[in-house]
>>> print(open('protein_10.txt').read())   # compact mmCIF, C-alpha atoms
# COMPACT_ATOMS: atom_id res chain seq x y z
CA MET A 1 81.25 128.13 89.69
CA VAL A 2 84.23 126.12 88.56
CA LYS A 3 86.81 128.28 86.82
CA LYS A 4 87.75 128.01 83.17
CA ARG A 5 91.28 126.66 83.00
CA VAL A 6 94.41 127.73 81.13
CA ILE A 7 96.80 124.81 80.80
CA PRO A 8 100.36 125.06 79.49
CA CYS A 9 101.29 121.92 77.60
CA LEU A 10 104.87 120.80 77.62
CA ASP A 11 105.64 118.57 74.66
CA VAL A 12 108.57 116.46 75.83
CA ALA A 13 111.02 114.77 73.48
CA ASN A 14 114.09 113.05 74.91
CA GLY A 15 113.59 114.77 78.25
CA ARG A 16 113.38 118.30 76.81
CA VAL A 17 110.41 120.54 76.11
CA VAL A 18 109.95 121.11 72.40
CA LYS A 19 107.40 122.81 70.17
CA GLY A 20 106.77 122.41 66.46
CA VAL A 21 104.33 123.66 63.85
CA ASN A 22 101.73 121.12 62.68
CA PHE A 23 103.63 118.45 64.65
CA VAL A 24 106.88 118.85 62.65
CA ASP A 25 109.98 121.12 62.79
CA LEU A 26 110.52 120.65 66.52
CA ARG A 27 112.37 123.40 68.39
CA GLU A 28 113.86 123.00 71.88
CA MET A 29 112.24 125.08 74.64
CA GLY A 30 113.84 124.02 77.94
CA GLU A 31 113.97 121.66 80.92
CA PRO A 32 110.49 120.27 81.77
CA ILE A 33 110.43 120.58 85.58
CA GLU A 34 112.00 124.05 85.52
CA LEU A 35 109.38 125.28 83.08
CA ALA A 36 106.60 123.48 84.93
CA THR A 37 107.55 125.04 88.27
CA ARG A 38 107.77 128.46 86.66
CA TYR A 39 104.29 128.06 85.14
CA SER A 40 102.89 126.91 88.46
CA GLU A 41 104.28 130.02 90.15
CA LEU A 42 102.84 132.19 87.40
CA GLY A 43 99.31 130.86 87.91
CA ALA A 44 98.93 127.91 85.53
CA ASP A 45 95.77 126.01 86.47
CA GLU A 46 97.18 122.65 85.45
CA LEU A 47 99.96 121.26 83.32
CA VAL A 48 100.15 118.64 80.63
CA PHE A 49 103.30 116.71 79.80
CA LEU A 50 103.08 114.95 76.45
CA ASP A 51 105.92 112.64 75.49
CA ILE A 52 105.47 113.26 71.78
CA THR A 53 108.14 110.88 70.57
CA ALA A 54 107.06 107.94 72.69
CA THR A 55 104.50 106.38 70.37
CA LEU A 56 106.68 106.75 67.29
CA GLU A 57 109.77 105.25 68.83
CA GLY A 58 107.95 102.74 71.04
CA ARG A 59 109.58 104.13 74.19
CA GLY A 60 108.11 103.53 77.59
CA PRO A 61 106.61 106.20 79.84
CA ILE A 62 108.71 108.93 81.36
CA LEU A 63 108.43 107.76 84.93
CA GLU A 64 111.40 109.55 86.39
CA LEU A 65 110.15 112.91 85.16
CA ILE A 66 106.73 112.19 86.66
CA GLU A 67 108.15 111.31 90.06
CA ARG A 68 110.02 114.60 90.20
CA ALA A 69 106.96 116.52 89.01
CA ALA A 70 104.76 114.83 91.64
CA ALA A 71 107.21 115.81 94.37
CA GLN A 72 107.74 119.40 93.27
CA LEU A 73 104.49 120.63 91.72
CA THR A 74 101.55 121.97 93.74
CA ILE A 75 99.08 122.01 90.83
CA PRO A 76 97.61 119.03 88.96
CA PHE A 77 99.36 117.54 85.98
CA THR A 78 98.40 115.16 83.22
CA VAL A 79 100.86 112.89 81.45
CA GLY A 80 100.43 111.41 78.02
CA GLY A 81 102.51 109.90 75.29
CA GLY A 82 103.99 106.46 75.24
CA VAL A 83 100.82 104.96 76.63
CA THR A 84 100.52 101.70 74.74
CA SER A 85 98.53 99.64 77.22
CA LEU A 86 96.52 99.62 80.41
CA ASP A 87 99.72 98.70 82.27
CA ASP A 88 101.55 101.71 80.82
CA ALA A 89 98.80 104.08 81.88
CA ARG A 90 98.63 102.50 85.31
CA SER A 91 102.37 102.95 85.81
CA LEU A 92 102.11 106.67 84.95
CA LEU A 93 99.36 107.19 87.52
CA ARG A 94 101.21 105.15 90.12
CA ALA A 95 104.34 107.25 89.53
CA GLY A 96 102.39 110.33 90.60
CA ALA A 97 100.55 111.72 87.59
CA ASP A 98 97.14 113.12 88.57
CA LYS A 99 95.69 112.15 85.21
CA VAL A 100 96.81 110.11 82.27
CA ALA A 101 96.06 111.05 78.66
CA VAL A 102 95.56 108.09 76.36
CA ASN A 103 95.44 108.61 72.63
CA ARG A 104 96.16 105.87 70.10
CA ALA A 105 96.04 103.00 72.60
CA ALA A 106 92.49 103.97 73.60
CA PHE A 107 91.42 104.29 69.97
CA ASP A 108 92.80 100.83 69.24
CA ASP A 109 91.40 99.32 72.44
CA PRO A 110 88.74 101.47 74.18
CA SER A 111 88.50 98.97 77.07
CA ILE A 112 91.71 100.62 78.37
CA LEU A 113 89.60 103.67 79.30
CA THR A 114 87.17 101.48 81.24
CA GLY A 115 89.96 99.64 83.04
CA LEU A 116 91.56 102.92 84.12
CA ALA A 117 88.26 104.47 85.22
CA ASP A 118 87.41 101.39 87.27
CA GLU A 119 90.74 101.50 89.07
CA PHE A 120 91.51 105.22 89.37
CA GLY A 121 88.16 106.92 88.73
CA SER A 122 87.21 108.65 85.48
CA GLN A 123 88.54 111.99 86.79
CA ALA A 124 92.03 110.53 86.23
CA VAL A 125 91.33 109.44 82.66
CA VAL A 126 91.81 111.86 79.78
CA CYS A 127 91.19 110.71 76.24
CA ALA A 128 93.42 112.67 73.84
CA ILE A 129 92.03 112.98 70.34
CA ASP A 130 93.98 114.48 67.44
CA ALA A 131 91.76 115.60 64.58
CA LYS A 132 92.32 116.85 61.06
CA LEU A 133 89.26 118.07 59.15
CA GLY A 134 87.13 116.32 61.77
CA GLU A 135 88.78 112.92 61.34
CA VAL A 136 90.76 111.02 63.99
CA PHE A 137 94.51 110.89 63.37
CA THR A 138 97.04 108.95 65.46
CA HIS A 139 100.79 108.35 65.53
CA ALA A 140 101.63 112.01 66.21
CA GLY A 141 99.26 113.14 63.51
CA LYS A 142 100.72 110.92 60.81
CA ARG A 143 98.03 108.27 60.38
CA ALA A 144 94.42 108.86 59.34
CA ARG A 145 91.98 106.49 61.05
CA GLY A 146 88.81 106.98 59.04
CA ARG A 147 86.56 107.79 61.97
CA ASP A 148 84.69 110.95 62.85
CA ALA A 149 86.49 112.52 65.82
CA VAL A 150 83.35 113.60 67.70
CA ASP A 151 81.84 110.15 67.28
CA TRP A 152 84.96 108.64 68.81
CA GLY A 153 84.89 111.22 71.62
CA ARG A 154 81.35 110.24 72.52
CA GLU A 155 82.36 106.59 72.74
CA ALA A 156 85.48 107.43 74.77
CA VAL A 157 83.31 109.14 77.40
CA ALA A 158 80.89 106.21 77.49
CA ARG A 159 83.91 103.94 78.01
CA GLY A 160 85.18 105.91 81.02
CA ALA A 161 87.09 109.04 79.95
CA GLY A 162 86.52 111.93 82.38
CA GLU A 163 87.91 114.58 80.04
CA LEU A 164 88.63 114.97 76.35
CA LEU A 165 91.80 116.71 75.18
CA VAL A 166 90.94 117.70 71.62
CA THR A 167 93.83 118.82 69.43
CA SER A 168 93.26 120.23 65.98
CA ILE A 169 96.27 119.25 63.89
CA ASP A 170 95.26 121.91 61.35
CA ALA A 171 95.50 124.66 63.99
CA ASP A 172 98.38 123.29 66.11
CA GLY A 173 101.33 125.67 66.44
CA THR A 174 99.84 128.25 64.07
CA ARG A 175 98.86 130.74 66.82
CA ALA A 176 95.89 131.61 64.60
CA GLY A 177 93.22 130.53 67.09
CA PHE A 178 91.57 127.27 68.12
CA ASP A 179 89.48 125.15 65.78
CA LEU A 180 86.17 126.52 67.03
CA PRO A 181 83.74 124.33 65.04
CA LEU A 182 85.60 121.23 66.25
CA THR A 183 85.68 122.45 69.87
CA ARG A 184 81.99 123.35 69.77
CA ALA A 185 81.02 119.98 68.28
CA PHE A 186 82.82 118.15 71.10
CA ALA A 187 81.46 120.37 73.87
CA GLU A 188 77.91 119.82 72.63
CA ALA A 189 78.40 116.07 72.29
CA VAL A 190 79.69 115.15 75.77
CA GLU A 191 79.03 116.07 79.42
CA VAL A 192 82.67 115.80 80.51
CA PRO A 193 85.04 118.79 80.26
CA VAL A 194 86.52 119.44 76.82
CA ILE A 195 90.04 120.85 76.68
CA ALA A 196 90.71 122.75 73.46
CA SER A 197 94.21 122.37 72.06
CA GLY A 198 96.09 123.75 69.09
CA GLY A 199 96.31 127.31 67.84
CA ALA A 200 96.46 129.56 70.92
CA GLY A 201 98.09 132.86 70.05
CA GLN A 202 96.35 135.46 72.22
CA ALA A 203 93.78 135.85 75.00
CA SER A 204 90.88 136.35 72.59
CA HIS A 205 91.57 132.91 71.08
CA ILE A 206 91.19 131.32 74.52
CA ALA A 207 88.03 133.35 75.14
CA ASP A 208 86.64 132.11 71.82
CA ALA A 209 87.27 128.49 72.86
CA PHE A 210 85.53 129.10 76.21
CA ALA A 211 82.62 130.73 74.38
CA VAL A 212 82.00 127.59 72.30
CA GLY A 213 82.00 125.39 75.40
CA ALA A 214 85.59 124.44 76.19
CA GLU A 215 86.21 124.13 79.95
CA ALA A 216 89.93 124.57 79.45
CA ALA A 217 92.43 125.67 76.84
CA ILE A 218 95.92 124.44 76.12
CA ILE A 219 98.67 126.97 75.48
CA ALA A 220 102.22 126.17 74.47
CA SER A 221 104.53 128.18 72.25
CA ILE A 222 103.24 131.59 73.33
CA VAL A 223 104.25 130.94 76.93
CA HIS A 224 107.33 128.79 76.36
CA GLU A 225 108.99 131.78 74.72
CA ARG A 226 107.97 134.17 77.47
CA PRO A 227 106.42 132.58 80.61
CA GLU A 228 105.34 136.00 81.96
CA ARG A 229 102.76 136.00 79.19
CA LEU A 230 100.72 133.52 81.25
CA PRO A 231 99.50 135.87 84.02
CA GLU A 232 98.94 138.54 81.38
CA LEU A 233 96.68 136.19 79.41
CA LYS A 234 94.69 135.30 82.51
CA ALA A 235 94.32 138.95 83.51
CA GLU A 236 93.09 139.74 80.00
CA LEU A 237 90.55 136.90 80.23
CA LYS A 238 89.38 138.13 83.63
CA GLU A 239 89.09 141.64 82.23
CA ALA A 240 86.95 140.25 79.39
CA GLY A 241 84.55 138.80 81.98
CA TRP A 242 85.70 135.16 82.03
CA ASN A 243 85.62 133.22 85.29
CA VAL A 244 89.32 132.39 85.62
CA ARG A 245 91.55 131.95 88.66
CA ILE A 246 93.91 134.86 89.17
CA MET B 1 104.26 115.40 114.31
CA LYS B 2 103.81 111.96 112.79
CA VAL B 3 101.23 111.59 110.04
CA VAL B 4 100.54 108.17 108.56
CA LEU B 5 98.71 107.70 105.25
CA ALA B 6 96.70 104.49 105.10
CA ASP B 7 98.04 102.45 102.17
CA TYR B 8 95.06 100.36 101.08
CA GLY B 9 96.21 99.91 97.48
CA ALA B 10 94.66 103.05 96.00
CA GLY B 11 97.68 103.85 93.90
CA ASN B 12 99.98 106.76 94.44
CA LEU B 13 100.10 108.55 97.77
CA PHE B 14 103.42 110.33 97.22
CA SER B 15 101.90 113.66 96.20
CA VAL B 16 99.96 113.91 99.46
CA THR B 17 102.98 112.70 101.43
CA TYR B 18 105.21 115.39 99.92
CA ALA B 19 102.56 118.07 100.55
CA LEU B 20 102.25 117.04 104.21
CA GLU B 21 106.05 117.20 104.55
CA ARG B 22 106.00 120.72 103.10
CA ALA B 23 103.35 121.62 105.70
CA GLY B 24 105.76 120.54 108.44
CA ALA B 25 104.68 116.98 109.21
CA GLN B 26 106.75 113.83 109.35
CA ALA B 27 104.67 111.87 106.85
CA SER B 28 104.84 108.23 105.86
CA VAL B 29 102.73 105.63 104.09
CA SER B 30 101.85 102.41 105.87
CA ILE B 31 99.86 99.24 105.35
CA ASP B 32 100.27 98.35 109.05
CA PRO B 33 97.05 98.89 111.06
CA ALA B 34 99.05 99.45 114.28
CA GLN B 35 100.99 102.34 112.70
CA VAL B 36 97.82 103.89 111.31
CA GLU B 37 96.16 103.57 114.70
CA GLU B 38 99.06 105.07 116.63
CA ALA B 39 99.91 108.03 114.36
CA ASP B 40 99.30 111.57 115.61
CA LEU B 41 97.09 112.00 112.53
CA ALA B 42 95.85 109.31 110.14
CA VAL B 43 95.10 110.31 106.56
CA ILE B 44 92.92 108.44 104.06
CA ALA B 45 93.76 109.67 100.57
CA GLY B 46 93.74 108.16 97.11
CA VAL B 47 91.61 108.13 94.01
CA GLY B 48 89.09 105.80 92.44
CA HIS B 49 85.88 104.23 93.64
CA VAL B 50 84.51 104.11 97.18
CA GLU B 51 83.72 100.45 96.65
CA SER B 52 87.23 99.30 95.75
CA ALA B 53 88.76 101.62 98.36
CA ALA B 54 86.48 100.22 101.09
CA ARG B 55 87.42 96.72 99.98
CA GLY B 56 91.10 97.67 100.20
CA LEU B 57 90.66 99.07 103.71
CA ALA B 58 88.85 95.94 104.86
CA ALA B 59 91.39 93.57 103.29
CA THR B 60 94.27 95.28 105.09
CA GLY B 61 92.48 95.66 108.44
CA LEU B 62 92.98 99.43 108.14
CA ASP B 63 89.22 99.96 108.44
CA GLU B 64 89.26 98.69 112.03
CA ALA B 65 92.38 100.73 112.84
CA ILE B 66 90.60 103.89 111.65
CA ARG B 67 87.37 103.06 113.48
CA ASP B 68 89.32 102.39 116.69
CA ARG B 69 91.12 105.73 116.36
CA VAL B 70 87.89 107.64 115.93
CA ALA B 71 86.26 105.76 118.83
CA ALA B 72 89.21 106.85 120.98
CA GLY B 73 88.81 110.46 119.78
CA ARG B 74 91.99 110.48 117.70
CA PRO B 75 91.98 112.57 114.49
CA VAL B 76 91.42 111.22 110.98
CA LEU B 77 91.57 113.30 107.79
CA GLY B 78 89.99 112.06 104.55
CA ILE B 79 91.01 113.56 101.21
CA CYS B 80 88.83 113.27 98.06
CA VAL B 81 87.70 109.63 97.92
CA GLY B 82 89.10 109.43 101.45
CA MET B 83 86.47 111.96 102.52
CA GLN B 84 83.74 109.97 100.78
CA LEU B 85 84.97 106.91 102.70
CA LEU B 86 84.07 108.66 105.97
CA PHE B 87 80.39 108.48 104.96
CA GLY B 88 77.82 105.79 104.12
CA ALA B 89 76.45 104.24 100.94
CA SER B 90 77.70 105.63 97.63
CA GLU B 91 75.70 105.80 94.41
CA GLU B 92 78.94 104.70 92.78
CA GLY B 93 78.59 101.38 94.62
CA GLY B 94 79.74 100.18 98.00
CA SER B 95 79.78 102.02 101.28
CA GLY B 96 82.27 103.93 103.37
CA LEU B 97 83.15 103.54 107.04
CA GLU B 98 80.03 105.40 108.23
CA LEU B 99 82.00 107.53 110.67
CA LEU B 100 79.71 110.36 109.57
CA ALA B 101 76.07 109.91 108.56
CA GLY B 102 74.92 110.57 105.02
CA PRO B 103 75.15 109.20 101.49
CA VAL B 104 77.58 109.86 98.64
CA ARG B 105 75.71 110.90 95.51
CA ARG B 106 76.55 111.54 91.88
CA ILE B 107 76.87 115.24 91.11
CA ARG B 108 73.96 116.63 89.14
CA ALA B 109 75.43 119.33 86.91
CA HIS B 110 75.84 120.28 83.28
CA THR B 111 79.47 119.16 83.28
CA VAL B 112 80.59 116.11 85.25
CA PRO B 113 83.25 115.45 86.57
CA HIS B 114 83.44 118.67 88.59
CA MET B 115 86.97 119.36 87.45
CA GLY B 116 89.10 122.37 88.18
CA TRP B 117 89.53 125.31 90.54
CA ASN B 118 86.55 126.51 92.48
CA ASP B 119 86.13 128.90 95.39
CA LEU B 120 85.16 128.01 98.94
CA THR B 121 82.40 129.51 101.01
CA VAL B 122 82.61 128.99 104.73
CA PRO B 123 79.27 128.64 106.58
CA ARG B 124 80.84 128.72 110.04
CA PRO B 125 84.31 129.31 111.46
CA SER B 126 86.44 126.19 111.81
CA ALA B 127 90.08 125.34 112.42
CA LEU B 128 90.22 123.26 109.23
CA VAL B 129 89.38 125.97 106.72
CA ASP B 130 90.56 128.99 108.69
CA GLY B 131 91.60 131.73 106.27
CA LEU B 132 90.27 129.90 103.21
CA ALA B 133 86.93 131.67 102.63
CA GLY B 134 86.88 132.79 99.00
CA GLU B 135 90.06 130.90 98.14
CA ASN B 136 90.33 128.65 95.07
CA VAL B 137 91.10 124.96 95.46
CA TYR B 138 91.27 122.12 92.96
CA PHE B 139 88.43 119.60 92.60
CA ALA B 140 88.30 116.43 90.48
CA HIS B 141 85.29 114.28 91.31
CA SER B 142 81.96 112.97 90.04
CA PHE B 143 80.45 112.08 93.43
CA ALA B 144 79.95 114.18 96.55
CA VAL B 145 78.94 113.64 100.18
CA GLU B 146 75.60 114.77 101.57
CA PRO B 147 75.98 114.87 105.38
CA GLU B 148 72.81 114.38 107.41
CA ASP B 149 74.13 116.78 110.01
CA ASP B 150 74.68 120.24 108.49
CA THR B 151 76.86 121.27 111.40
CA ALA B 152 79.59 118.95 110.06
CA VAL B 153 79.89 121.10 106.93
CA VAL B 154 82.66 123.70 107.21
CA ALA B 155 83.14 124.58 103.52
CA LEU B 156 80.98 124.54 100.41
CA THR B 157 81.54 125.22 96.76
CA ASP B 158 79.14 125.65 93.85
CA HIS B 159 78.81 123.60 90.68
CA ASP B 160 75.25 124.05 89.37
CA GLY B 161 74.29 123.81 93.05
CA PRO B 162 76.06 123.48 96.39
CA ILE B 163 78.73 120.82 96.88
CA VAL B 164 80.19 119.97 100.29
CA ALA B 165 83.88 120.81 100.09
CA ALA B 166 85.00 120.15 103.68
CA VAL B 167 83.65 118.58 106.86
CA GLU B 168 84.82 118.67 110.45
CA TYR B 169 83.06 116.82 113.23
CA GLY B 170 84.78 115.72 116.42
CA PRO B 171 87.93 113.79 115.50
CA VAL B 172 86.83 113.38 111.87
CA ALA B 173 87.68 115.82 109.08
CA GLY B 174 87.56 115.61 105.32
CA VAL B 175 88.10 117.64 102.18
CA GLN B 176 86.64 116.83 98.78
CA PHE B 177 89.26 118.88 96.95
CA HIS B 178 92.95 118.07 96.56
CA PRO B 179 95.06 120.17 98.96
CA GLU B 180 98.23 118.61 97.53
CA ARG B 181 97.29 120.12 94.15
CA SER B 182 95.75 123.39 95.32
CA ALA B 183 98.85 125.58 95.37
CA ARG B 184 99.02 128.06 98.28
CA ALA B 185 95.44 127.46 99.47
CA GLY B 186 96.17 123.73 99.65
CA ALA B 187 99.25 124.34 101.75
CA ILE B 188 97.21 126.46 104.17
CA LEU B 189 94.59 123.69 104.42
CA LEU B 190 97.22 121.09 105.32
CA GLU B 191 98.83 123.39 107.89
CA ASN B 192 95.35 123.98 109.33
CA ALA B 193 94.69 120.23 109.39
CA LEU B 194 97.87 119.63 111.38
CA ALA B 195 96.92 122.35 113.86
CA TRP B 196 93.36 121.00 114.09
CA SER B 197 94.59 117.46 114.74
CA ARG B 198 96.70 118.68 117.65
CA SER B 199 93.65 120.34 119.21
CA VAL B 200 91.28 117.36 118.87
>>> encode(input="protein_10.txt", output="structure tokens")
Amino acid sequence: MVKKRVIPCLDVANGRVVKGVNFVDLREMGEPIELATRYSELGADELVFLDITATLEGRGPILELIERAAAQLTIPFTVGGGVTSLDDARSLLRAGADKVAVNRAAFDDPSILTGLADEFGSQAVVCAIDAKLGEVFTHAGKRARGRDAVDWGREAVARGAGELLVTSIDADGTRAGFDLPLTRAFAEAVEVPVIASGGAGQASHIADAFAVGAEAAIIASIVHERPERLPELKAELKEAGWNVRI
Amino acid sequence: MKVVLADYGAGNLFSVTYALERAGAQASVSIDPAQVEEADLAVIAGVGHVESAARGLAATGLDEAIRDRVAAGRPVLGICVGMQLLFGASEEGGSGLELLAGPVRRIRAHTVPHMGWNDLTVPRPSALVDGLAGENVYFAHSFAVEPEDDTAVVALTDHDGPIVAAVEYGPVAGVQFHPERSARAGAILLENALAWSRSV
């Protein structure tokens, strides 16, 4: 059977990896490709690069970073952030990203998901959804959109998304565990893989997300501080009986 | 050895090119049918739909170059959608080059796409997947080939049922997973593919 995945997420701002709590108070964590290569060597199943400042500042995609990542990495990586249109997303995939994560642009215009799936296949299309108390938020968690997050997720899949990256803004950066009711609601609602994001602090948190149906879990601050934590987490998950790649 | 990736407009082929270079090949991307026909090994990679990929191959004349190669017994390797293109009609729409007999069908499983690392089982020894029994490789697909001839199947994986992971038949080989994104196991596959292509 396909393995449950542990995916370090590198939030990138101005070319550096950063991490904040509840999307604010950003702290610098290091150079993206260096960290990415290190995680790959340590057994990361995939990587996500999110350009977290792109939507706010209206900057274009981080193509140069992607080209270097495509050349150097031997595991899959997803890129998101700064995706404002179908053309933006297309340029990220053409630069070498294995998948593109579309957040606000897809919410505003779901046909983007269909256009990408038609051209690249739905396996390359990740819909990123940020939720607070079950409601969709966009603009790096700053703008409430008045729509039930799971309802939007269901539509995103129907429109062509091959994965949902579900971030709980409430849990993000707290290291207190994933938002399990939210993760469960998504996993029950769609047939595509759900990636739980926000709140990873220890192996049991990841196991809890798997237990409610997540196919993959995002980790960030706990491994940015000490990358060696990654193989330890996976060994602990394996020990607990989870089907992970060691 | 010179490996040419058929550039039929399926987006980015750099990742596969880099991976082939790491495996020791001199790899390049070409839209020129003559170059694809003359390469030591031709590779069909890319993502997306069989239908649009087949259209791209036909529009560039690369379909004929690949058919001519195979007719002359010269090796072709398909990766992911490139492997599906070796086969016949796809439930996704369109049809491949029919170099191998059998349809491409949508995966019937609880979670689709089949996305992530999965281990290989090897029903018979082959040059292509030598040393890869039990190894994990990375899959990302919603459709899978169903060869009419079981002897073409050299690796399987399981996702709520068996899925053909690799085929090898005469000068034609294919892998459903992504060797360029499968870490060490992917590197071994590509090294194997180069060795296999020299022996065809």
>>> closest_atom_pairs(input="protein_10.txt", of="chain A", to="chain B", cutoff="8 Å", atoms="all atoms listed in the file", output="tab-separated table")
residue	atom	partner	partner_atom	distance
A:Met1	CA	B:His159	CA	5.2
A:Val2	CA	B:Asn118	CA	4.6
A:Lys3	CA	B:Trp117	CA	5.5
A:Lys4	CA	B:Gly116	CA	7.7
A:Arg5	CA	B:Gly116	CA	7.1
A:Asp45	CA	B:Trp117	CA	7.5
A:Ala70	CA	B:Ser15	CA	5.5
A:Ala71	CA	B:Tyr18	CA	5.9
A:Leu73	CA	B:Arg181	CA	7.6
A:Thr74	CA	B:Arg181	CA	4.7
A:Ile75	CA	B:Arg181	CA	4.2
A:Pro76	CA	B:Arg181	CA	5.3
A:Leu93	CA	B:Asn12	CA	7.0
A:Arg94	CA	B:Asn12	CA	4.8
A:Ala95	CA	B:Asn12	CA	6.6
A:Gly96	CA	B:Asn12	CA	5.8
A:Ala117	CA	B:Gly48	CA	7.4
A:Asp118	CA	B:Gly48	CA	7.0
A:Glu119	CA	B:Gly48	CA	5.7
A:Phe120	CA	B:Gly48	CA	4.0
A:Gly121	CA	B:Gly48	CA	4.0
A:Ser122	CA	B:Gly48	CA	7.8
A:Gln123	CA	B:Ala140	CA	5.8
A:Gly162	CA	B:Pro113	CA	6.4
A:Glu191	CA	B:Thr111	CA	5.0
A:Val192	CA	B:Val112	CA	5.2
A:Pro193	CA	B:Thr111	CA	6.3
A:Arg245	CA	B:Trp117	CA	7.2
>>> residues_near_point(input="protein_10.txt", point="(101.9, 133.2, 74.9)", cutoff="10 Å", atoms="only C-alpha atoms", output="number ranges by chain")
A: 8, 175, 200-203, 219-233
>>> residues_near_point(input="protein_10.txt", point="(83.9, 100.3, 78.0)", cutoff="7 Å", atoms="only C-alpha atoms", output="count of residues only")
7
>>> residues_around(input="protein_10.txt", residues="Leu133 (chain A)", least_positions_apart="4", cutoff="10 Å", atoms="all atoms listed in the file", output="PyMOL selection string")
chain A and resi 137+148-149+168-170+179+182
>>> residues_around(input="protein_10.txt", residues="Val166 (chain A)", least_positions_apart="6", cutoff="7 Å", atoms="all atoms listed in the file", output="list in words")
Ala128, Ile129, Asp130, Ile195, Ala196 and Ser197 of chain A
>>> atom_distance(input="protein_10.txt", atom1="CA of Ala214 (chain A)", atom2="CA of Asp98 (chain A)")
20.4 Å
>>> atom_distance(input="protein_10.txt", atom1="CA of Ser95 (chain B)", atom2="CA of Glu37 (chain B)")
21.2 Å
>>> residues_around(input="protein_10.txt", residues="Ala44 (chain A)", least_positions_apart="2", cutoff="7 Å", atoms="only C-alpha atoms", output="VMD selection string")
chain A and resid 6 to 8 39 to 40 42 46
>>> atom_distance(input="protein_10.txt", atom1="CA of Thr121 (chain B)", atom2="CA of Ile218 (chain A)")
28.8 Å
